[in-house]
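One structure is given here, and the rest of the page talks about it.
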Amino acid sequence: MRLWKLSYTSIAVATHEAAMRQVREICAFSGDRNARIGVSSVLTLHKGKFAQVLEGPEDAVRAVLRRIKGDPRHHSLTLVADAPLVARRYNGLAMAYRDPKTFLAEQIDDILQQTADVVRAMKATWH
């Protein structure tokens with residue numbers, strides 16, 4: 001089983017207040033489904049834009065993305081990341097909400113960790 005990470009941004013159709021209610025509904029409904037198929041995920045909403053990270057088996061992650069693409073609560077979905085994953089960041093979180101500042105901080109931490117992993121791997125090949 002190959003682990004995969006997908007992240008995207010999209011534009012909410014509803015007002016911020018209504019979109020926040022939808023986020024709570026999405027987290028409540030999708031958590032059980034994601035857990036059954038081995039997908040972990042975090043979602044945020046900021047200034048009318050959704051951002052979400054999906055992790056898990058590649059086939060399962062892609063199936064979730066197909067459902068998300070068809071969801072009428074948003075539009076203009078743009079993939080940000082679509083790549084193999086060495087280790088999950090959100091293991092145990094089938095569907096969680098993060099406030100925008102926490103979400104962004106976690107994404108920056110991931111970028112820094114990935115950079116460090118690449119540097120370590122390159123150094124190992126130099127010997």
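FYI, nothing fancy with the structure tokens labels: chains A, B, ... in order, residues from 1 per chain, ligands from 1 as they appear.
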Using DSSP assignments from the backbone, pull out every residue in region 38-99 of chain A that falls under helix (DSSP H, G or I) and give it to me as a count of residues only. 12
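In this model, the gap between CA of Lys47 (chain A) and CA of Asp109 (chain A) comes to 22.3 Å.
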Which residues, written as JSON, numbers by chain, have at least one atom at most 10 Å from region 34-37 of chain A, with only C-alpha atoms counted and residues fewer than 5 positions away on the same chain left out? {"A": [27, 29, 54, 55, 56, 57, 59, 60, 61, 63, 64, 92, 93, 94, 95]}
Requested write-out: all heavy atoms of the selected residues, as an mmCIF file, in the first residue's frame:
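Saved as out37.cif:
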data_model
loop_
_atom_site.group_PDB
_atom_site.id
_atom_site.type_symbol
_atom_site.label_atom_id
_atom_site.label_comp_id
_atom_site.auth_asym_id
_atom_site.auth_seq_id
_atom_site.Cartn_x
_atom_site.Cartn_y
_atom_site.Cartn_z
ATOM 1 N N CYS A 27 -17.146 17.622 8.559
ATOM 2 C CA CYS A 27 -16.289 16.910 9.517
ATOM 3 C C CYS A 27 -17.066 15.792 10.214
ATOM 4 O O CYS A 27 -16.538 14.689 10.391
ATOM 5 C CB CYS A 27 -15.702 17.885 10.532
ATOM 6 S SG CYS A 27 -14.423 18.955 9.824
ATOM 7 N N PHE A 29 -19.810 14.159 9.120
ATOM 8 C CA PHE A 29 -20.225 13.118 8.183
ATOM 9 C C PHE A 29 -19.043 12.352 7.605
ATOM 10 O O PHE A 29 -19.063 11.131 7.504
ATOM 11 C CB PHE A 29 -21.044 13.728 7.044
ATOM 12 C CG PHE A 29 -21.484 12.726 6.018
ATOM 13 C CD1 PHE A 29 -22.549 11.883 6.271
ATOM 14 C CD2 PHE A 29 -20.822 12.616 4.805
ATOM 15 C CE1 PHE A 29 -22.947 10.940 5.332
ATOM 16 C CE2 PHE A 29 -21.208 11.682 3.863
ATOM 17 C CZ PHE A 29 -22.277 10.843 4.124
ATOM 18 N N LEU A 54 -5.453 15.621 2.407
ATOM 19 C CA LEU A 54 -5.897 14.229 2.490
ATOM 20 C C LEU A 54 -4.671 13.335 2.485
ATOM 21 O O LEU A 54 -3.765 13.534 1.673
ATOM 22 C CB LEU A 54 -6.774 13.861 1.287
ATOM 23 C CG LEU A 54 -8.024 14.699 1.060
ATOM 24 C CD1 LEU A 54 -8.544 14.489 -0.353
ATOM 25 C CD2 LEU A 54 -9.079 14.352 2.080
ATOM 26 N N GLU A 55 -4.632 12.334 3.376
ATOM 27 C CA GLU A 55 -3.531 11.384 3.426
ATOM 28 C C GLU A 55 -4.096 9.973 3.531
ATOM 29 O O GLU A 55 -5.123 9.769 4.164
ATOM 30 C CB GLU A 55 -2.680 11.597 4.683
ATOM 31 C CG GLU A 55 -2.121 12.956 4.869
ATOM 32 C CD GLU A 55 -1.489 13.126 6.241
ATOM 33 O OE1 GLU A 55 -1.913 12.461 7.215
ATOM 34 O OE2 GLU A 55 -0.561 13.929 6.329
ATOM 35 N N GLY A 56 -3.393 9.038 2.937
ATOM 36 C CA GLY A 56 -3.805 7.643 3.058
ATOM 37 C C GLY A 56 -3.411 6.850 1.842
ATOM 38 O O GLY A 56 -2.609 7.302 1.016
ATOM 39 N N PRO A 57 -3.987 5.645 1.719
ATOM 40 C CA PRO A 57 -3.717 4.837 0.529
ATOM 41 C C PRO A 57 -4.109 5.626 -0.722
ATOM 42 O O PRO A 57 -5.162 6.274 -0.752
ATOM 43 C CB PRO A 57 -4.603 3.610 0.717
ATOM 44 C CG PRO A 57 -4.904 3.564 2.177
ATOM 45 C CD PRO A 57 -4.899 4.975 2.644
ATOM 46 N N ASP A 59 -5.342 4.997 -3.701
ATOM 47 C CA ASP A 59 -6.664 4.779 -4.297
ATOM 48 C C ASP A 59 -7.771 5.412 -3.457
ATOM 49 O O ASP A 59 -8.706 6.019 -3.993
ATOM 50 C CB ASP A 59 -6.945 3.288 -4.481
ATOM 51 C CG ASP A 59 -6.066 2.656 -5.540
ATOM 52 O OD1 ASP A 59 -5.429 3.396 -6.329
ATOM 53 O OD2 ASP A 59 -6.005 1.408 -5.592
ATOM 54 N N ALA A 60 -7.673 5.278 -2.143
ATOM 55 C CA ALA A 60 -8.693 5.833 -1.253
ATOM 56 C C ALA A 60 -8.675 7.358 -1.289
ATOM 57 O O ALA A 60 -9.733 8.007 -1.338
ATOM 58 C CB ALA A 60 -8.480 5.320 0.168
ATOM 59 N N VAL A 61 -7.490 7.943 -1.275
ATOM 60 C CA VAL A 61 -7.363 9.400 -1.319
ATOM 61 C C VAL A 61 -7.942 9.940 -2.623
ATOM 62 O O VAL A 61 -8.676 10.929 -2.632
ATOM 63 C CB VAL A 61 -5.886 9.821 -1.137
ATOM 64 C CG1 VAL A 61 -5.676 11.284 -1.474
ATOM 65 C CG2 VAL A 61 -5.425 9.528 0.288
ATOM 66 N N ALA A 63 -10.238 8.541 -4.462
ATOM 67 C CA ALA A 63 -11.700 8.365 -4.429
ATOM 68 C C ALA A 63 -12.351 9.500 -3.643
ATOM 69 O O ALA A 63 -13.392 10.039 -4.062
ATOM 70 C CB ALA A 63 -12.053 7.011 -3.816
ATOM 71 N N VAL A 64 -11.760 9.875 -2.517
ATOM 72 C CA VAL A 64 -12.292 10.995 -1.733
ATOM 73 C C VAL A 64 -12.229 12.281 -2.555
ATOM 74 O O VAL A 64 -13.187 13.052 -2.585
ATOM 75 C CB VAL A 64 -11.522 11.150 -0.394
ATOM 76 C CG1 VAL A 64 -11.928 12.435 0.317
ATOM 77 C CG2 VAL A 64 -11.771 9.941 0.501
ATOM 78 N N GLY A 92 -4.758 9.283 12.547
ATOM 79 C CA GLY A 92 -5.746 9.291 13.622
ATOM 80 C C GLY A 92 -6.784 10.386 13.496
ATOM 81 O O GLY A 92 -7.748 10.418 14.252
ATOM 82 N N LEU A 93 -6.611 11.298 12.566
ATOM 83 C CA LEU A 93 -7.591 12.369 12.342
ATOM 84 C C LEU A 93 -8.303 12.091 11.016
ATOM 85 O O LEU A 93 -7.846 12.504 9.960
ATOM 86 C CB LEU A 93 -6.910 13.740 12.288
ATOM 87 C CG LEU A 93 -6.225 14.200 13.562
ATOM 88 C CD1 LEU A 93 -5.517 15.534 13.327
ATOM 89 C CD2 LEU A 93 -7.236 14.334 14.691
ATOM 90 N N ALA A 94 -9.403 11.381 11.080
ATOM 91 C CA ALA A 94 -10.111 11.018 9.855
ATOM 92 C C ALA A 94 -10.676 12.246 9.150
ATOM 93 O O ALA A 94 -10.704 12.303 7.924
ATOM 94 C CB ALA A 94 -11.221 10.015 10.167
ATOM 95 N N MET A 95 -11.113 13.234 9.932
ATOM 96 C CA MET A 95 -11.637 14.470 9.338
ATOM 97 C C MET A 95 -11.688 15.513 10.434
ATOM 98 O O MET A 95 -12.572 15.492 11.271
ATOM 99 C CB MET A 95 -13.029 14.224 8.753
ATOM 100 C CG MET A 95 -13.612 15.385 7.977
ATOM 101 S SD MET A 95 -12.747 15.708 6.445
ATOM 102 C CE MET A 95 -12.269 17.398 6.718
#
Looking only at the backbone, which of the residues in chain A does DSSP tag as strand (DSSP E or B), as an mmCIF file with N, CA, C and O atoms, in the first residue's frame?
data_model
loop_
_atom_site.group_PDB
_atom_site.id
_atom_site.type_symbol
_atom_site.label_atom_id
_atom_site.label_comp_id
_atom_site.auth_asym_id
_atom_site.auth_seq_id
_atom_site.Cartn_x
_atom_site.Cartn_y
_atom_site.Cartn_z
ATOM 1 N N LEU A 3 1.339 5.148 0.488
ATOM 2 C CA LEU A 3 0.704 6.317 1.089
ATOM 3 C C LEU A 3 0.779 7.495 0.128
ATOM 4 O O LEU A 3 1.769 7.671 -0.574
ATOM 5 N N TRP A 4 -0.276 8.293 0.158
ATOM 6 C CA TRP A 4 -0.368 9.433 -0.755
ATOM 7 C C TRP A 4 -0.872 10.649 -0.017
ATOM 8 O O TRP A 4 -1.613 10.546 0.958
ATOM 9 N N LYS A 5 -0.469 11.821 -0.517
ATOM 10 C CA LYS A 5 -0.950 13.092 0.024
ATOM 11 C C LYS A 5 -1.487 13.941 -1.114
ATOM 12 O O LYS A 5 -0.825 14.111 -2.135
ATOM 13 N N LEU A 6 -2.695 14.435 -0.909
ATOM 14 C CA LEU A 6 -3.303 15.403 -1.822
ATOM 15 C C LEU A 6 -3.727 16.598 -0.985
ATOM 16 O O LEU A 6 -4.263 16.442 0.110
ATOM 17 N N SER A 7 -3.481 17.778 -1.489
ATOM 18 C CA SER A 7 -4.044 18.968 -0.852
ATOM 19 C C SER A 7 -4.565 19.880 -1.948
ATOM 20 O O SER A 7 -4.084 19.856 -3.080
ATOM 21 N N TYR A 8 -5.570 20.653 -1.583
ATOM 22 C CA TYR A 8 -6.197 21.532 -2.565
ATOM 23 C C TYR A 8 -6.742 22.763 -1.873
ATOM 24 O O TYR A 8 -6.886 22.811 -0.649
ATOM 25 N N THR A 9 -7.060 23.751 -2.672
ATOM 26 C CA THR A 9 -7.835 24.905 -2.235
ATOM 27 C C THR A 9 -9.046 24.999 -3.158
ATOM 28 O O THR A 9 -9.023 24.509 -4.297
ATOM 29 N N SER A 10 -10.102 25.607 -2.653
ATOM 30 C CA SER A 10 -11.290 25.858 -3.469
ATOM 31 C C SER A 10 -12.030 27.050 -2.880
ATOM 32 O O SER A 10 -11.719 27.503 -1.777
ATOM 33 N N ILE A 11 -12.996 27.532 -3.608
ATOM 34 C CA ILE A 11 -13.747 28.716 -3.191
ATOM 35 C C ILE A 11 -15.128 28.292 -2.713
ATOM 36 O O ILE A 11 -15.861 27.592 -3.431
ATOM 37 N N ALA A 12 -15.475 28.716 -1.505
ATOM 38 C CA ALA A 12 -16.784 28.395 -0.922
ATOM 39 C C ALA A 12 -17.885 29.143 -1.669
ATOM 40 O O ALA A 12 -17.705 30.294 -2.069
ATOM 41 N N SER A 40 -6.841 10.047 6.378
ATOM 42 C CA SER A 40 -6.810 11.092 7.389
ATOM 43 C C SER A 40 -6.873 12.436 6.665
ATOM 44 O O SER A 40 -6.442 12.554 5.512
ATOM 45 N N SER A 41 -7.439 13.437 7.366
ATOM 46 C CA SER A 41 -7.678 14.699 6.674
ATOM 47 C C SER A 41 -7.853 15.850 7.647
ATOM 48 O O SER A 41 -8.377 15.673 8.742
ATOM 49 N N VAL A 42 -7.413 17.020 7.217
ATOM 50 C CA VAL A 42 -7.714 18.267 7.919
ATOM 51 C C VAL A 42 -8.235 19.277 6.899
ATOM 52 O O VAL A 42 -7.853 19.256 5.729
ATOM 53 N N LEU A 43 -9.111 20.131 7.381
ATOM 54 C CA LEU A 43 -9.800 21.105 6.535
ATOM 55 C C LEU A 43 -9.790 22.445 7.254
ATOM 56 O O LEU A 43 -9.901 22.499 8.471
ATOM 57 N N THR A 44 -9.661 23.520 6.480
ATOM 58 C CA THR A 44 -9.788 24.856 7.048
ATOM 59 C C THR A 44 -10.601 25.724 6.098
ATOM 60 O O THR A 44 -10.785 25.376 4.921
ATOM 61 N N LEU A 45 -11.066 26.843 6.628
ATOM 62 C CA LEU A 45 -11.797 27.828 5.838
ATOM 63 C C LEU A 45 -11.267 29.199 6.221
ATOM 64 O O LEU A 45 -11.206 29.545 7.407
ATOM 65 N N HIS A 46 -10.862 29.972 5.217
ATOM 66 C CA HIS A 46 -10.323 31.303 5.468
ATOM 67 C C HIS A 46 -10.718 32.233 4.331
ATOM 68 O O HIS A 46 -10.426 31.952 3.162
ATOM 69 N N LYS A 49 -12.304 30.685 1.322
ATOM 70 C CA LYS A 49 -11.584 29.608 0.643
ATOM 71 C C LYS A 49 -11.404 28.413 1.578
ATOM 72 O O LYS A 49 -11.054 28.575 2.744
ATOM 73 N N PHE A 50 -11.670 27.253 1.020
ATOM 74 C CA PHE A 50 -11.379 26.009 1.711
ATOM 75 C C PHE A 50 -9.951 25.594 1.365
ATOM 76 O O PHE A 50 -9.476 25.851 0.257
ATOM 77 N N ALA A 51 -9.300 24.925 2.292
ATOM 78 C CA ALA A 51 -8.040 24.235 2.026
ATOM 79 C C ALA A 51 -8.123 22.920 2.791
ATOM 80 O O ALA A 51 -8.609 22.889 3.930
ATOM 81 N N GLN A 52 -7.693 21.854 2.140
ATOM 82 C CA GLN A 52 -7.787 20.534 2.766
ATOM 83 C C GLN A 52 -6.572 19.702 2.394
ATOM 84 O O GLN A 52 -6.049 19.803 1.283
ATOM 85 N N VAL A 53 -6.142 18.878 3.349
ATOM 86 C CA VAL A 53 -5.091 17.901 3.131
ATOM 87 C C VAL A 53 -5.697 16.528 3.347
ATOM 88 O O VAL A 53 -6.388 16.299 4.336
ATOM 89 N N LEU A 54 -5.453 15.621 2.407
ATOM 90 C CA LEU A 54 -5.897 14.229 2.490
ATOM 91 C C LEU A 54 -4.671 13.335 2.485
ATOM 92 O O LEU A 54 -3.765 13.534 1.673
ATOM 93 N N GLU A 55 -4.632 12.334 3.376
ATOM 94 C CA GLU A 55 -3.531 11.384 3.426
ATOM 95 C C GLU A 55 -4.096 9.973 3.531
ATOM 96 O O GLU A 55 -5.123 9.769 4.164
ATOM 97 N N GLY A 56 -3.393 9.038 2.937
ATOM 98 C CA GLY A 56 -3.805 7.643 3.058
ATOM 99 C C GLY A 56 -3.411 6.850 1.842
ATOM 100 O O GLY A 56 -2.609 7.302 1.016
ATOM 101 N N PRO A 57 -3.987 5.645 1.719
ATOM 102 C CA PRO A 57 -3.717 4.837 0.529
ATOM 103 C C PRO A 57 -4.109 5.626 -0.722
ATOM 104 O O PRO A 57 -5.162 6.274 -0.752
ATOM 105 N N HIS A 74 -18.639 24.175 -3.169
ATOM 106 C CA HIS A 74 -17.436 24.922 -3.533
ATOM 107 C C HIS A 74 -17.195 24.817 -5.033
ATOM 108 O O HIS A 74 -17.834 24.041 -5.727
ATOM 109 N N HIS A 75 -16.250 25.620 -5.516
ATOM 110 C CA HIS A 75 -15.882 25.581 -6.933
ATOM 111 C C HIS A 75 -14.416 25.977 -7.073
ATOM 112 O O HIS A 75 -13.763 26.355 -6.101
ATOM 113 N N SER A 76 -13.909 25.897 -8.270
ATOM 114 C CA SER A 76 -12.536 26.303 -8.599
ATOM 115 C C SER A 76 -11.490 25.554 -7.774
ATOM 116 O O SER A 76 -10.536 26.146 -7.261
ATOM 117 N N LEU A 77 -11.650 24.244 -7.683
ATOM 118 C CA LEU A 77 -10.700 23.424 -6.941
ATOM 119 C C LEU A 77 -9.352 23.425 -7.646
ATOM 120 O O LEU A 77 -9.264 23.209 -8.847
ATOM 121 N N THR A 78 -8.300 23.713 -6.889
ATOM 122 C CA THR A 78 -6.937 23.743 -7.406
ATOM 123 C C THR A 78 -6.064 22.835 -6.555
ATOM 124 O O THR A 78 -5.963 23.032 -5.342
ATOM 125 N N LEU A 79 -5.448 21.829 -7.185
ATOM 126 C CA LEU A 79 -4.539 20.954 -6.454
ATOM 127 C C LEU A 79 -3.270 21.710 -6.085
ATOM 128 O O LEU A 79 -2.705 22.417 -6.910
ATOM 129 N N VAL A 80 -2.840 21.528 -4.847
ATOM 130 C CA VAL A 80 -1.613 22.150 -4.359
ATOM 131 C C VAL A 80 -0.513 21.101 -4.243
ATOM 132 O O VAL A 80 0.639 21.362 -4.555
ATOM 133 N N ALA A 81 -0.881 19.911 -3.787
ATOM 134 C CA ALA A 81 0.075 18.807 -3.652
ATOM 135 C C ALA A 81 -0.598 17.527 -4.107
ATOM 136 O O ALA A 81 -1.779 17.313 -3.867
ATOM 137 N N ASP A 82 0.169 16.683 -4.772
ATOM 138 C CA ASP A 82 -0.317 15.394 -5.270
ATOM 139 C C ASP A 82 0.921 14.517 -5.402
ATOM 140 O O ASP A 82 1.560 14.485 -6.442
ATOM 141 N N ALA A 83 1.274 13.837 -4.283
ATOM 142 C CA ALA A 83 2.568 13.152 -4.265
ATOM 143 C C ALA A 83 2.584 12.013 -3.250
ATOM 144 O O ALA A 83 1.779 12.000 -2.318
ATOM 145 N N PRO A 84 3.533 11.095 -3.416
ATOM 146 C CA PRO A 84 3.708 10.038 -2.415
ATOM 147 C C PRO A 84 4.050 10.655 -1.057
ATOM 148 O O PRO A 84 4.588 11.756 -0.978
ATOM 149 N N ALA A 96 -10.728 16.416 10.440
ATOM 150 C CA ALA A 96 -10.634 17.421 11.496
ATOM 151 C C ALA A 96 -10.601 18.820 10.903
ATOM 152 O O ALA A 96 -10.122 19.018 9.793
ATOM 153 N N TYR A 97 -11.101 19.759 11.678
ATOM 154 C CA TYR A 97 -11.018 21.167 11.301
ATOM 155 C C TYR A 97 -9.817 21.783 12.000
ATOM 156 O O TYR A 97 -9.522 21.474 13.152
#
